[in-house]
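What follows is target-v2.cif (mmCIF, C-alpha atoms, pLDDT in the B column; chains and numbers go by the auth columns).
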```
data_upload
#
loop_
_atom_site.group_PDB
_atom_site.id
_atom_site.type_symbol
_atom_site.label_atom_id
_atom_site.label_comp_id
_atom_site.label_asym_id
_atom_site.label_seq_id
_atom_site.Cartn_x
_atom_site.Cartn_y
_atom_site.Cartn_z
_atom_site.B_iso_or_equiv
_atom_site.auth_seq_id
_atom_site.auth_asym_id
ATOM 1 C CA MET A 1 -67.920 7.947 -33.174 44.00 1 Y
ATOM 2 C CA LEU A 2 -70.327 10.567 -31.942 37.00 2 Y
ATOM 3 C CA THR A 3 -74.070 10.426 -32.229 50.00 3 Y
ATOM 4 C CA THR A 4 -76.735 13.064 -31.746 44.00 4 Y
ATOM 5 C CA LYS A 5 -79.798 10.873 -32.204 52.00 5 Y
ATOM 6 C CA TYR A 6 -81.845 9.426 -29.412 44.00 6 Y
ATOM 7 C CA TYR A 7 -85.287 8.908 -28.060 39.00 7 Y
ATOM 8 C CA VAL A 8 -86.858 10.401 -24.955 39.00 8 Y
ATOM 9 C CA THR A 9 -90.585 9.882 -24.346 36.00 9 Y
ATOM 10 C CA GLY A 10 -91.333 10.385 -28.008 34.00 10 Y
ATOM 11 C CA ARG A 11 -88.840 13.228 -28.576 31.00 11 Y
ATOM 12 C CA TRP A 12 -85.297 13.239 -29.917 30.00 12 Y
ATOM 13 C CA LEU A 13 -82.705 14.150 -27.294 33.00 13 Y
ATOM 14 C CA PRO A 14 -79.238 15.114 -28.507 33.00 14 Y
ATOM 15 C CA THR A 15 -76.514 13.155 -26.753 32.00 15 Y
ATOM 16 C CA LEU A 16 -72.817 13.208 -27.465 28.00 16 Y
ATOM 17 C CA ILE A 17 -70.852 10.150 -26.514 29.00 17 Y
ATOM 18 C CA ALA A 18 -67.147 9.932 -27.234 30.00 18 Y
ATOM 19 C CA SER A 19 -65.663 6.755 -28.601 32.00 19 Y
ATOM 20 C CA PHE A 20 -63.228 4.860 -26.435 31.00 20 Y
ATOM 21 C CA GLY A 21 -59.443 4.515 -26.535 30.00 21 Y
ATOM 22 C CA LEU A 22 -57.359 2.951 -29.254 27.00 22 Y
ATOM 23 C CA ALA A 23 -55.753 -0.085 -27.683 30.00 23 Y
ATOM 24 C CA TRP A 24 -56.877 -1.886 -24.547 32.00 24 Y
ATOM 25 C CA GLY A 25 -56.655 -5.200 -22.784 34.00 25 Y
ATOM 26 C CA VAL A 26 -59.283 -7.464 -21.283 33.00 26 Y
ATOM 27 C CA ASN A 27 -58.441 -9.990 -18.563 32.00 27 Y
ATOM 28 C CA GLY A 28 -54.753 -9.502 -19.239 32.00 28 Y
ATOM 29 C CA HIS A 29 -55.150 -10.137 -22.963 35.00 29 Y
ATOM 30 C CA THR A 30 -54.129 -7.346 -25.281 40.00 30 Y
ATOM 31 C CA ALA A 31 -56.733 -6.818 -27.955 42.00 31 Y
ATOM 32 C CA PRO A 32 -55.929 -5.693 -31.507 42.00 32 Y
ATOM 33 C CA GLN A 33 -55.566 -1.936 -31.713 47.00 33 Y
ATOM 34 C CA TRP A 34 -58.635 0.052 -32.675 47.00 34 Y
ATOM 35 C CA ASP A 35 -56.591 1.896 -35.293 53.00 35 Y
ATOM 36 C CA ASN A 36 -55.206 -1.326 -36.783 73.00 36 Y
ATOM 37 C CA LEU A 37 -58.240 -2.244 -38.816 77.00 37 Y
ATOM 38 C CA GLN A 38 -56.424 -4.952 -40.711 81.00 38 Y
ATOM 39 C CA ALA A 39 -55.527 -6.859 -37.533 82.00 39 Y
ATOM 40 C CA VAL A 40 -59.032 -6.501 -36.123 82.00 40 Y
ATOM 41 C CA ASN A 41 -60.680 -7.614 -39.346 88.00 41 Y
ATOM 42 C CA GLU A 42 -58.353 -10.613 -39.626 93.00 42 Y
ATOM 43 C CA VAL A 43 -59.602 -11.815 -36.234 93.00 43 Y
ATOM 44 C CA TYR A 44 -63.183 -11.351 -37.361 97.00 44 Y
ATOM 45 C CA GLN A 45 -62.625 -13.009 -40.741 96.00 45 Y
ATOM 46 C CA GLN A 46 -61.044 -16.035 -39.079 97.00 46 Y
ATOM 47 C CA ALA A 47 -64.138 -16.376 -36.900 98.00 47 Y
ATOM 48 C CA VAL A 48 -66.522 -16.067 -39.852 98.00 48 Y
ATOM 49 C CA SER A 49 -64.473 -18.581 -41.865 97.00 49 Y
ATOM 50 C CA SER A 50 -64.111 -21.091 -39.032 98.00 50 Y
ATOM 51 C CA PRO A 51 -64.801 -24.679 -40.174 97.00 51 Y
ATOM 52 C CA ILE A 52 -66.819 -25.397 -37.037 97.00 52 Y
ATOM 53 C CA ARG A 53 -69.608 -23.058 -38.141 97.00 53 Y
ATOM 54 C CA THR A 54 -72.524 -24.965 -39.641 96.00 54 Y
ATOM 55 C CA ASP A 55 -73.745 -25.001 -43.224 96.00 55 Y
ATOM 56 C CA GLU A 56 -76.924 -23.348 -41.980 96.00 56 Y
ATOM 57 C CA ASP A 57 -74.859 -20.552 -40.453 97.00 57 Y
ATOM 58 C CA ARG A 58 -73.121 -19.967 -43.770 97.00 58 Y
ATOM 59 C CA ARG A 59 -76.385 -19.871 -45.669 96.00 59 Y
ATOM 60 C CA ALA A 60 -77.630 -17.258 -43.217 96.00 60 Y
ATOM 61 C CA ASP A 61 -74.495 -15.125 -43.621 97.00 61 Y
ATOM 62 C CA ALA A 62 -75.887 -13.410 -46.711 95.00 62 Y
ATOM 63 C CA THR A 63 -78.636 -11.791 -44.659 96.00 63 Y
ATOM 64 C CA ARG A 64 -77.014 -11.666 -41.215 97.00 64 Y
ATOM 65 C CA LYS A 65 -73.662 -10.241 -42.418 98.00 65 Y
ATOM 66 C CA PRO A 66 -71.496 -11.644 -39.600 98.00 66 Y
ATOM 67 C CA LEU A 67 -68.351 -9.667 -40.447 97.00 67 Y
ATOM 68 C CA GLU A 68 -70.223 -6.367 -40.312 97.00 68 Y
ATOM 69 C CA PHE A 69 -71.944 -7.521 -37.117 98.00 69 Y
ATOM 70 C CA LEU A 70 -68.622 -8.199 -35.380 98.00 70 Y
ATOM 71 C CA GLN A 71 -67.305 -4.831 -36.513 96.00 71 Y
ATOM 72 C CA PHE A 72 -70.381 -3.077 -35.165 97.00 72 Y
ATOM 73 C CA ALA A 73 -70.383 -4.992 -31.861 98.00 73 Y
ATOM 74 C CA GLN A 74 -66.669 -4.229 -31.374 96.00 74 Y
ATOM 75 C CA VAL A 75 -66.127 -7.580 -29.699 96.00 75 Y
ATOM 76 C CA ARG A 76 -62.493 -8.271 -28.748 94.00 76 Y
ATOM 77 C CA PRO A 77 -60.439 -11.228 -27.515 93.00 77 Y
ATOM 78 C CA GLY A 78 -60.784 -11.808 -23.782 94.00 78 Y
ATOM 79 C CA MET A 79 -64.202 -10.196 -23.428 97.00 79 Y
ATOM 80 C CA GLN A 80 -66.940 -11.446 -21.133 98.00 80 Y
ATOM 81 C CA VAL A 81 -70.127 -11.573 -23.218 98.00 81 Y
ATOM 82 C CA LEU A 82 -73.770 -12.474 -22.657 98.00 82 Y
ATOM 83 C CA ASP A 83 -75.878 -13.461 -25.673 98.00 83 Y
ATOM 84 C CA ILE A 84 -79.551 -13.064 -24.727 98.00 84 Y
ATOM 85 C CA ALA A 85 -82.046 -15.443 -26.391 98.00 85 Y
ATOM 86 C CA ALA A 86 -79.173 -17.335 -27.989 98.00 86 Y
ATOM 87 C CA GLY A 87 -81.424 -19.811 -29.787 97.00 87 Y
ATOM 88 C CA GLY A 88 -79.383 -22.305 -31.788 97.00 88 Y
ATOM 89 C CA GLY A 89 -76.126 -20.531 -30.981 98.00 89 Y
ATOM 90 C CA ASN A 90 -75.158 -18.957 -34.314 98.00 90 Y
ATOM 91 C CA THR A 91 -74.233 -15.638 -32.694 98.00 91 Y
ATOM 92 C CA SER A 92 -72.886 -17.198 -29.496 98.00 92 Y
ATOM 93 C CA GLN A 93 -70.451 -19.387 -31.404 98.00 93 Y
ATOM 94 C CA LEU A 94 -69.305 -16.512 -33.603 98.00 94 Y
ATOM 95 C CA LEU A 95 -68.657 -14.337 -30.541 98.00 95 Y
ATOM 96 C CA ALA A 96 -66.854 -17.182 -28.775 98.00 96 Y
ATOM 97 C CA LEU A 97 -64.516 -17.626 -31.740 98.00 97 Y
ATOM 98 C CA VAL A 98 -63.481 -13.978 -31.336 97.00 98 Y
ATOM 99 C CA VAL A 99 -63.194 -13.748 -27.538 96.00 99 Y
ATOM 100 C CA GLY A 100 -61.003 -16.856 -27.531 95.00 100 Y
ATOM 101 C CA SER A 101 -59.766 -18.924 -24.624 95.00 101 Y
ATOM 102 C CA LYS A 102 -59.434 -15.945 -22.275 95.00 102 Y
ATOM 103 C CA GLY A 103 -62.995 -14.812 -22.869 97.00 103 Y
ATOM 104 C CA THR A 104 -66.394 -16.323 -22.161 98.00 104 Y
ATOM 105 C CA VAL A 105 -69.768 -16.226 -23.886 98.00 105 Y
ATOM 106 C CA TRP A 106 -72.850 -17.082 -21.832 98.00 106 Y
ATOM 107 C CA ALA A 107 -75.545 -18.317 -24.235 98.00 107 Y
ATOM 108 C CA GLN A 108 -78.833 -17.536 -22.478 98.00 108 Y
ATOM 109 C CA GLY A 109 -82.273 -18.893 -23.259 97.00 109 Y
ATOM 110 C CA ASP A 110 -85.514 -19.429 -21.390 95.00 110 Y
ATOM 111 C CA GLN A 111 -85.444 -23.125 -22.292 95.00 111 Y
ATOM 112 C CA GLN A 112 -83.015 -25.688 -23.622 95.00 112 Y
ATOM 113 C CA ARG A 113 -82.538 -25.503 -27.391 95.00 113 Y
ATOM 114 C CA PRO A 114 -81.697 -28.806 -29.146 97.00 114 Y
ATOM 115 C CA ALA A 115 -79.824 -26.925 -31.894 96.00 115 Y
ATOM 116 C CA LEU A 116 -77.468 -25.362 -29.348 97.00 116 Y
ATOM 117 C CA VAL A 117 -76.972 -28.699 -27.593 97.00 117 Y
ATOM 118 C CA LYS A 118 -76.065 -30.316 -30.920 97.00 118 Y
ATOM 119 C CA ARG A 119 -73.779 -27.434 -31.899 97.00 119 Y
ATOM 120 C CA LEU A 120 -71.732 -27.822 -28.721 97.00 120 Y
ATOM 121 C CA ALA A 121 -71.782 -31.616 -28.921 97.00 121 Y
ATOM 122 C CA ASP A 122 -70.423 -31.507 -32.466 97.00 122 Y
ATOM 123 C CA HIS A 123 -67.753 -28.927 -31.647 96.00 123 Y
ATOM 124 C CA PRO A 124 -67.273 -28.420 -27.905 95.00 124 Y
ATOM 125 C CA GLN A 125 -66.176 -24.916 -26.955 96.00 125 Y
ATOM 126 C CA SER A 126 -65.250 -24.504 -23.318 96.00 126 Y
ATOM 127 C CA ASN A 127 -65.730 -20.745 -23.534 98.00 127 Y
ATOM 128 C CA ILE A 128 -69.458 -21.087 -24.325 98.00 128 Y
ATOM 129 C CA VAL A 129 -71.574 -21.533 -21.200 97.00 129 Y
ATOM 130 C CA PRO A 130 -75.264 -22.357 -21.815 97.00 130 Y
ATOM 131 C CA VAL A 131 -77.604 -20.607 -19.396 97.00 131 Y
ATOM 132 C CA ILE A 132 -81.282 -21.444 -18.925 97.00 132 Y
ATOM 133 C CA SER A 133 -83.002 -18.612 -17.095 97.00 133 Y
ATOM 134 C CA SER A 134 -86.035 -16.355 -17.294 96.00 134 Y
ATOM 135 C CA PHE A 135 -85.828 -13.207 -19.394 95.00 135 Y
ATOM 136 C CA GLU A 136 -86.723 -11.074 -16.393 93.00 136 Y
ATOM 137 C CA ASP A 137 -83.711 -12.404 -14.500 93.00 137 Y
ATOM 138 C CA PRO A 138 -81.290 -13.700 -17.160 96.00 138 Y
ATOM 139 C CA ILE A 139 -77.987 -13.013 -15.403 95.00 139 Y
ATOM 140 C CA PRO A 140 -76.272 -15.910 -13.575 91.00 140 Y
ATOM 141 C CA SER A 141 -75.318 -14.845 -10.059 88.00 141 Y
ATOM 142 C CA ASP A 142 -71.714 -15.999 -10.346 89.00 142 Y
ATOM 143 C CA ILE A 143 -70.570 -14.206 -13.512 94.00 143 Y
ATOM 144 C CA PRO A 144 -68.255 -11.169 -13.522 96.00 144 Y
ATOM 145 C CA LYS A 145 -69.209 -7.771 -14.838 98.00 145 Y
ATOM 146 C CA LEU A 146 -69.735 -8.028 -18.582 98.00 146 Y
ATOM 147 C CA ASP A 147 -68.073 -6.210 -21.463 98.00 147 Y
ATOM 148 C CA LEU A 148 -70.804 -6.869 -24.018 98.00 148 Y
ATOM 149 C CA ILE A 149 -74.423 -8.033 -24.187 98.00 149 Y
ATOM 150 C CA THR A 150 -76.119 -8.945 -27.460 98.00 150 Y
ATOM 151 C CA ILE A 151 -79.805 -9.384 -28.306 98.00 151 Y
ATOM 152 C CA ILE A 152 -79.967 -10.494 -31.928 98.00 152 Y
ATOM 153 C CA LEU A 153 -83.305 -10.753 -33.738 98.00 153 Y
ATOM 154 C CA SER A 154 -85.013 -11.669 -30.469 97.00 154 Y
ATOM 155 C CA TYR A 155 -86.198 -8.568 -28.615 98.00 155 Y
ATOM 156 C CA HIS A 156 -89.480 -8.722 -30.531 98.00 156 Y
ATOM 157 C CA ASP A 157 -90.046 -12.246 -29.165 97.00 157 Y
ATOM 158 C CA ILE A 158 -89.467 -11.029 -25.632 97.00 158 Y
ATOM 159 C CA ALA A 159 -91.869 -8.135 -26.286 97.00 159 Y
ATOM 160 C CA TYR A 160 -94.919 -10.341 -26.834 96.00 160 Y
ATOM 161 C CA LYS A 161 -94.213 -12.693 -23.940 96.00 161 Y
ATOM 162 C CA PRO A 162 -95.302 -12.008 -20.344 96.00 162 Y
ATOM 163 C CA VAL A 163 -91.948 -10.421 -19.550 96.00 163 Y
ATOM 164 C CA ASP A 164 -91.364 -7.271 -17.521 97.00 164 Y
ATOM 165 C CA ARG A 165 -89.011 -5.651 -20.026 97.00 165 Y
ATOM 166 C CA ALA A 166 -88.172 -2.786 -17.688 97.00 166 Y
ATOM 167 C CA LYS A 167 -86.904 -5.329 -15.158 96.00 167 Y
ATOM 168 C CA LEU A 168 -84.958 -7.191 -17.837 97.00 168 Y
ATOM 169 C CA ASN A 169 -83.307 -4.061 -19.170 98.00 169 Y
ATOM 170 C CA LYS A 170 -82.349 -2.879 -15.684 97.00 170 Y
ATOM 171 C CA ARG A 171 -80.739 -6.271 -15.020 97.00 171 Y
ATOM 172 C CA LEU A 172 -78.760 -5.954 -18.253 98.00 172 Y
ATOM 173 C CA PHE A 173 -77.651 -2.441 -17.341 98.00 173 Y
ATOM 174 C CA ASP A 174 -76.490 -3.549 -13.895 97.00 174 Y
ATOM 175 C CA ALA A 175 -74.624 -6.559 -15.340 98.00 175 Y
ATOM 176 C CA LEU A 176 -72.404 -4.462 -17.615 98.00 176 Y
ATOM 177 C CA LYS A 177 -69.170 -2.747 -16.706 98.00 177 Y
ATOM 178 C CA SER A 178 -69.115 1.012 -16.979 98.00 178 Y
ATOM 179 C CA GLY A 179 -68.270 1.577 -20.633 97.00 179 Y
ATOM 180 C CA GLY A 180 -69.695 -1.809 -21.594 98.00 180 Y
ATOM 181 C CA HIS A 181 -71.930 -2.206 -24.619 98.00 181 Y
ATOM 182 C CA LEU A 182 -75.338 -3.607 -25.448 98.00 182 Y
ATOM 183 C CA VAL A 183 -76.019 -4.430 -29.104 98.00 183 Y
ATOM 184 C CA VAL A 184 -79.615 -4.893 -30.269 98.00 184 Y
ATOM 185 C CA ILE A 185 -80.514 -5.973 -33.807 98.00 185 Y
ATOM 186 C CA ASP A 186 -84.070 -6.725 -34.874 98.00 186 Y
ATOM 187 C CA HIS A 187 -86.571 -6.814 -37.719 97.00 187 Y
ATOM 188 C CA SER A 188 -88.036 -3.351 -38.283 98.00 188 Y
ATOM 189 C CA ALA A 189 -91.758 -2.779 -37.871 98.00 189 Y
ATOM 190 C CA LYS A 190 -93.560 0.206 -39.328 97.00 190 Y
ATOM 191 C CA PRO A 191 -92.892 3.466 -37.463 97.00 191 Y
ATOM 192 C CA GLY A 192 -95.463 4.107 -34.776 96.00 192 Y
ATOM 193 C CA SER A 193 -96.530 0.452 -34.513 97.00 193 Y
ATOM 194 C CA GLY A 194 -94.899 -0.060 -31.127 97.00 194 Y
ATOM 195 C CA VAL A 195 -94.952 -3.734 -30.208 97.00 195 Y
ATOM 196 C CA SER A 196 -98.222 -4.504 -31.993 97.00 196 Y
ATOM 197 C CA ALA A 197 -96.460 -6.497 -34.732 97.00 197 Y
ATOM 198 C CA ALA A 198 -94.140 -8.374 -32.376 96.00 198 Y
ATOM 199 C CA LYS A 199 -96.102 -11.632 -32.360 97.00 199 Y
ATOM 200 C CA SER A 200 -97.908 -11.498 -35.686 97.00 200 Y
ATOM 201 C CA LEU A 201 -95.021 -10.281 -37.863 97.00 201 Y
ATOM 202 C CA HIS A 202 -92.021 -10.889 -35.591 97.00 202 Y
ATOM 203 C CA ARG A 203 -91.045 -7.234 -35.872 98.00 203 Y
ATOM 204 C CA ILE A 204 -90.700 -4.324 -33.487 98.00 204 Y
ATOM 205 C CA ASP A 205 -90.652 -0.544 -33.834 98.00 205 Y
ATOM 206 C CA GLU A 206 -87.082 0.716 -33.495 98.00 206 Y
ATOM 207 C CA LYS A 207 -88.284 3.738 -31.528 97.00 207 Y
ATOM 208 C CA VAL A 208 -89.776 1.551 -28.800 97.00 208 Y
ATOM 209 C CA VAL A 209 -86.484 -0.294 -28.401 98.00 209 Y
ATOM 210 C CA GLY A 210 -84.555 2.950 -28.078 98.00 210 Y
ATOM 211 C CA GLU A 211 -86.934 4.412 -25.520 98.00 211 Y
ATOM 212 C CA GLU A 212 -86.963 1.288 -23.376 98.00 212 Y
ATOM 213 C CA PHE A 213 -83.188 1.042 -23.120 98.00 213 Y
ATOM 214 C CA LEU A 214 -82.848 4.748 -22.455 98.00 214 Y
ATOM 215 C CA LYS A 215 -85.210 4.377 -19.517 98.00 215 Y
ATOM 216 C CA ALA A 216 -82.932 1.645 -18.156 98.00 216 Y
ATOM 217 C CA GLY A 217 -80.003 4.090 -18.111 98.00 217 Y
ATOM 218 C CA PHE A 218 -78.289 3.287 -21.403 98.00 218 Y
ATOM 219 C CA GLN A 219 -77.141 5.838 -23.954 98.00 219 Y
ATOM 220 C CA LEU A 220 -77.014 5.276 -27.695 98.00 220 Y
ATOM 221 C CA GLU A 221 -73.447 5.218 -28.958 98.00 221 Y
ATOM 222 C CA GLU A 222 -74.020 4.251 -32.566 97.00 222 Y
ATOM 223 C CA GLU A 223 -76.609 2.962 -35.019 97.00 223 Y
ATOM 224 C CA SER A 224 -75.813 1.227 -38.293 97.00 224 Y
ATOM 225 C CA SER A 225 -77.599 0.620 -41.582 97.00 225 Y
ATOM 226 C CA PHE A 226 -75.605 -2.469 -42.587 97.00 226 Y
ATOM 227 C CA LEU A 227 -78.808 -4.546 -42.414 98.00 227 Y
ATOM 228 C CA HIS A 228 -81.129 -1.901 -43.810 97.00 228 Y
ATOM 229 C CA ASN A 229 -83.332 -2.877 -46.753 97.00 229 Y
ATOM 230 C CA SER A 230 -85.469 -0.060 -48.109 97.00 230 Y
ATOM 231 C CA SER A 231 -87.376 -2.532 -50.336 97.00 231 Y
ATOM 232 C CA ASP A 232 -88.965 -4.233 -47.326 96.00 232 Y
ATOM 233 C CA PRO A 233 -92.603 -3.105 -46.939 97.00 233 Y
ATOM 234 C CA ARG A 234 -92.486 -4.273 -43.296 96.00 234 Y
ATOM 235 C CA ASP A 235 -95.849 -6.021 -43.594 96.00 235 Y
ATOM 236 C CA GLN A 236 -94.737 -9.681 -43.472 96.00 236 Y
ATOM 237 C CA ALA A 237 -92.928 -11.956 -41.060 96.00 237 Y
ATOM 238 C CA PHE A 238 -89.289 -12.639 -41.927 95.00 238 Y
ATOM 239 C CA PHE A 239 -89.946 -16.317 -42.680 94.00 239 Y
ATOM 240 C CA LYS A 240 -92.474 -15.347 -45.372 95.00 240 Y
ATOM 241 C CA MET A 241 -90.156 -12.883 -47.071 93.00 241 Y
ATOM 242 C CA LYS A 242 -88.442 -13.517 -50.401 94.00 242 Y
ATOM 243 C CA ILE A 243 -86.072 -10.641 -49.712 96.00 243 Y
ATOM 244 C CA PRO A 244 -84.140 -9.818 -46.530 96.00 244 Y
ATOM 245 C CA THR A 245 -86.096 -7.905 -43.933 97.00 245 Y
ATOM 246 C CA ASP A 246 -85.191 -4.364 -43.031 97.00 246 Y
ATOM 247 C CA ARG A 247 -83.313 -4.570 -39.728 98.00 247 Y
ATOM 248 C CA PHE A 248 -82.068 -1.908 -37.366 98.00 248 Y
ATOM 249 C CA ALA A 249 -78.807 -2.182 -35.440 98.00 249 Y
ATOM 250 C CA LEU A 250 -78.259 -0.173 -32.264 98.00 250 Y
ATOM 251 C CA ARG A 251 -75.209 -0.121 -29.994 98.00 251 Y
ATOM 252 C CA PHE A 252 -75.836 1.244 -26.523 98.00 252 Y
ATOM 253 C CA ILE A 253 -73.295 2.050 -23.844 98.00 253 Y
ATOM 254 C CA LYS A 254 -73.438 2.021 -20.069 98.00 254 Y
ATOM 255 C CA PRO A 255 -72.043 5.409 -18.950 97.00 255 Y
#
```

Starting from the file, give its structure as structure tokens.
Amino acid sequence: MLTTKYYVTGRWLPTLIASFGLAWGVNGHTAPQWDNLQAVNEVYQQAVSSPIRTDEDRRADATRKPLEFLQFAQVRPGMQVLDIAAGGGNTSQLLALVVGSKGTVWAQGDQQRPALVKRLADHPQSNIVPVISSFEDPIPSDIPKLDLITIILSYHDIAYKPVDRAKLNKRLFDALKSGGHLVVIDHSAKPGSGVSAAKSLHRIDEKVVGEEFLKAGFQLEEESSFLHNSSDPRDQAFFKMKIPTDRFALRFIKP
């Protein structure tokens, strides 16, 4: 897909980025063909329906839309993936179910999360590697170049912490293969609010996110409205909402 929308120091800059080939392999594993949507979606549906996912995960599916997320992230079997701010591991486990035994998901956090520890104790997955590291330097030194990095509903948390986001984003850029993707999903703040609502409302202005990743060298390949909710006034934290928050979804590419 092509896109012409992007941010540059407060202005829109047209960029045209071609989508990638139809069928490809990762680490010797042939992924489902891009044009065989049925085969791809079967892989994703099996992951979403996996019995090892928790009841809490399934309750969250109504608002997180895991099938649409996997479609947007374009994750494939065999990929090497880093999930930033993995929390309890909902996204990490879902990604690991897709990448399979020939892929790896590094579940990064700045501290140990009991929910992730319990998740892996209940259902060990050798292709999930917990990583405890700072957000400014989240990449383990011994991992290969990555195919995909995800930051799901967490960039706003990073934004209000004493984190050099420019350093973080440059590290993420350097960690990806050329052609690799970065997917960022977060709760939408009001336009023009910057990061002012990051701590109080756990939201962030989509424009700020776009500008910061552009400065790191990324280009925007696609944005999606699958988590958009026009009824959200964007004036409350997600945990106080009786309706799903409005969320933006951006997929960046390393040229």

Item to complete: With the file shown as input, list the residues that the PyMOL selection byres ((chain Y and resi 92) around 12) selects, as an NGL selection string.
Response: :Y and (47 or 53 or 57 or 66 or 70 or 75 or 80-91 or 93-99 or 104-109 or 116 or 119-120 or 125 or 127-131 or 148-152)

Selection export as a PDB file, in the coordinates of the input, atoms kept: C-alpha atoms:
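The resulting out_2.pdb:
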```
ATOM      1  CA  ALA Y  47     -64.138 -16.376 -36.900  1.00 98.00           C
ATOM      2  CA  ARG Y  53     -69.608 -23.058 -38.141  1.00 97.00           C
ATOM      3  CA  ASP Y  57     -74.859 -20.552 -40.453  1.00 97.00           C
ATOM      4  CA  PRO Y  66     -71.496 -11.644 -39.600  1.00 98.00           C
ATOM      5  CA  LEU Y  70     -68.622  -8.199 -35.380  1.00 98.00           C
ATOM      6  CA  VAL Y  75     -66.127  -7.580 -29.699  1.00 96.00           C
ATOM      7  CA  GLN Y  80     -66.940 -11.446 -21.133  1.00 98.00           C
ATOM      8  CA  VAL Y  81     -70.127 -11.573 -23.218  1.00 98.00           C
ATOM      9  CA  LEU Y  82     -73.770 -12.474 -22.657  1.00 98.00           C
ATOM     10  CA  ASP Y  83     -75.878 -13.461 -25.673  1.00 98.00           C
ATOM     11  CA  ILE Y  84     -79.551 -13.064 -24.727  1.00 98.00           C
ATOM     12  CA  ALA Y  85     -82.046 -15.443 -26.391  1.00 98.00           C
ATOM     13  CA  ALA Y  86     -79.173 -17.335 -27.989  1.00 98.00           C
ATOM     14  CA  GLY Y  87     -81.424 -19.811 -29.787  1.00 97.00           C
ATOM     15  CA  GLY Y  88     -79.383 -22.305 -31.788  1.00 97.00           C
ATOM     16  CA  GLY Y  89     -76.126 -20.531 -30.981  1.00 98.00           C
ATOM     17  CA  ASN Y  90     -75.158 -18.957 -34.314  1.00 98.00           C
ATOM     18  CA  THR Y  91     -74.233 -15.638 -32.694  1.00 98.00           C
ATOM     19  CA  GLN Y  93     -70.451 -19.387 -31.404  1.00 98.00           C
ATOM     20  CA  LEU Y  94     -69.305 -16.512 -33.603  1.00 98.00           C
ATOM     21  CA  LEU Y  95     -68.657 -14.337 -30.541  1.00 98.00           C
ATOM     22  CA  ALA Y  96     -66.854 -17.182 -28.775  1.00 98.00           C
ATOM     23  CA  LEU Y  97     -64.516 -17.626 -31.740  1.00 98.00           C
ATOM     24  CA  VAL Y  98     -63.481 -13.978 -31.336  1.00 97.00           C
ATOM     25  CA  VAL Y  99     -63.194 -13.748 -27.538  1.00 96.00           C
ATOM     26  CA  THR Y 104     -66.394 -16.323 -22.161  1.00 98.00           C
ATOM     27  CA  VAL Y 105     -69.768 -16.226 -23.886  1.00 98.00           C
ATOM     28  CA  TRP Y 106     -72.850 -17.082 -21.832  1.00 98.00           C
ATOM     29  CA  ALA Y 107     -75.545 -18.317 -24.235  1.00 98.00           C
ATOM     30  CA  GLN Y 108     -78.833 -17.536 -22.478  1.00 98.00           C
ATOM     31  CA  GLY Y 109     -82.273 -18.893 -23.259  1.00 97.00           C
ATOM     32  CA  LEU Y 116     -77.468 -25.362 -29.348  1.00 97.00           C
ATOM     33  CA  ARG Y 119     -73.779 -27.434 -31.899  1.00 97.00           C
ATOM     34  CA  LEU Y 120     -71.732 -27.822 -28.721  1.00 97.00           C
ATOM     35  CA  GLN Y 125     -66.176 -24.916 -26.955  1.00 96.00           C
ATOM     36  CA  ASN Y 127     -65.730 -20.745 -23.534  1.00 98.00           C
ATOM     37  CA  ILE Y 128     -69.458 -21.087 -24.325  1.00 98.00           C
ATOM     38  CA  VAL Y 129     -71.574 -21.533 -21.200  1.00 97.00           C
ATOM     39  CA  PRO Y 130     -75.264 -22.357 -21.815  1.00 97.00           C
ATOM     40  CA  VAL Y 131     -77.604 -20.607 -19.396  1.00 97.00           C
ATOM     41  CA  LEU Y 148     -70.804  -6.869 -24.018  1.00 98.00           C
ATOM     42  CA  ILE Y 149     -74.423  -8.033 -24.187  1.00 98.00           C
ATOM     43  CA  THR Y 150     -76.119  -8.945 -27.460  1.00 98.00           C
ATOM     44  CA  ILE Y 151     -79.805  -9.384 -28.306  1.00 98.00           C
ATOM     45  CA  ILE Y 152     -79.967 -10.494 -31.928  1.00 98.00           C
TER      46      ILE Y 152
END
```

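Distance-wise, CA of Glu221 (chain Y) and CA of Phe72 (chain Y) end up 10.8 Å apart.
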
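Put simply, CA of Ser224 (chain Y) is 28.6 Å away from CA of Lys102 (chain Y).
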
Worksheet item: So how far away is CA of Glu136 (chain Y) from CA of Ala216 (chain Y), in Å?
Response: 13.4 Å

Worksheet entry | Given the PyMOL selection byres ((chain Y and resi 193) around 10), the residues it picks as a list in words |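 Given this file, the PyMOL selection byres ((chain Y and resi 193) around 10) evaluates to Ala189, Lys190, Pro191, Gly192, Gly194, Val195, Ser196, Ala197, Ala198, Arg203, Ile204, Asp205, Glu206, Lys207 and Val208 of chain Y.
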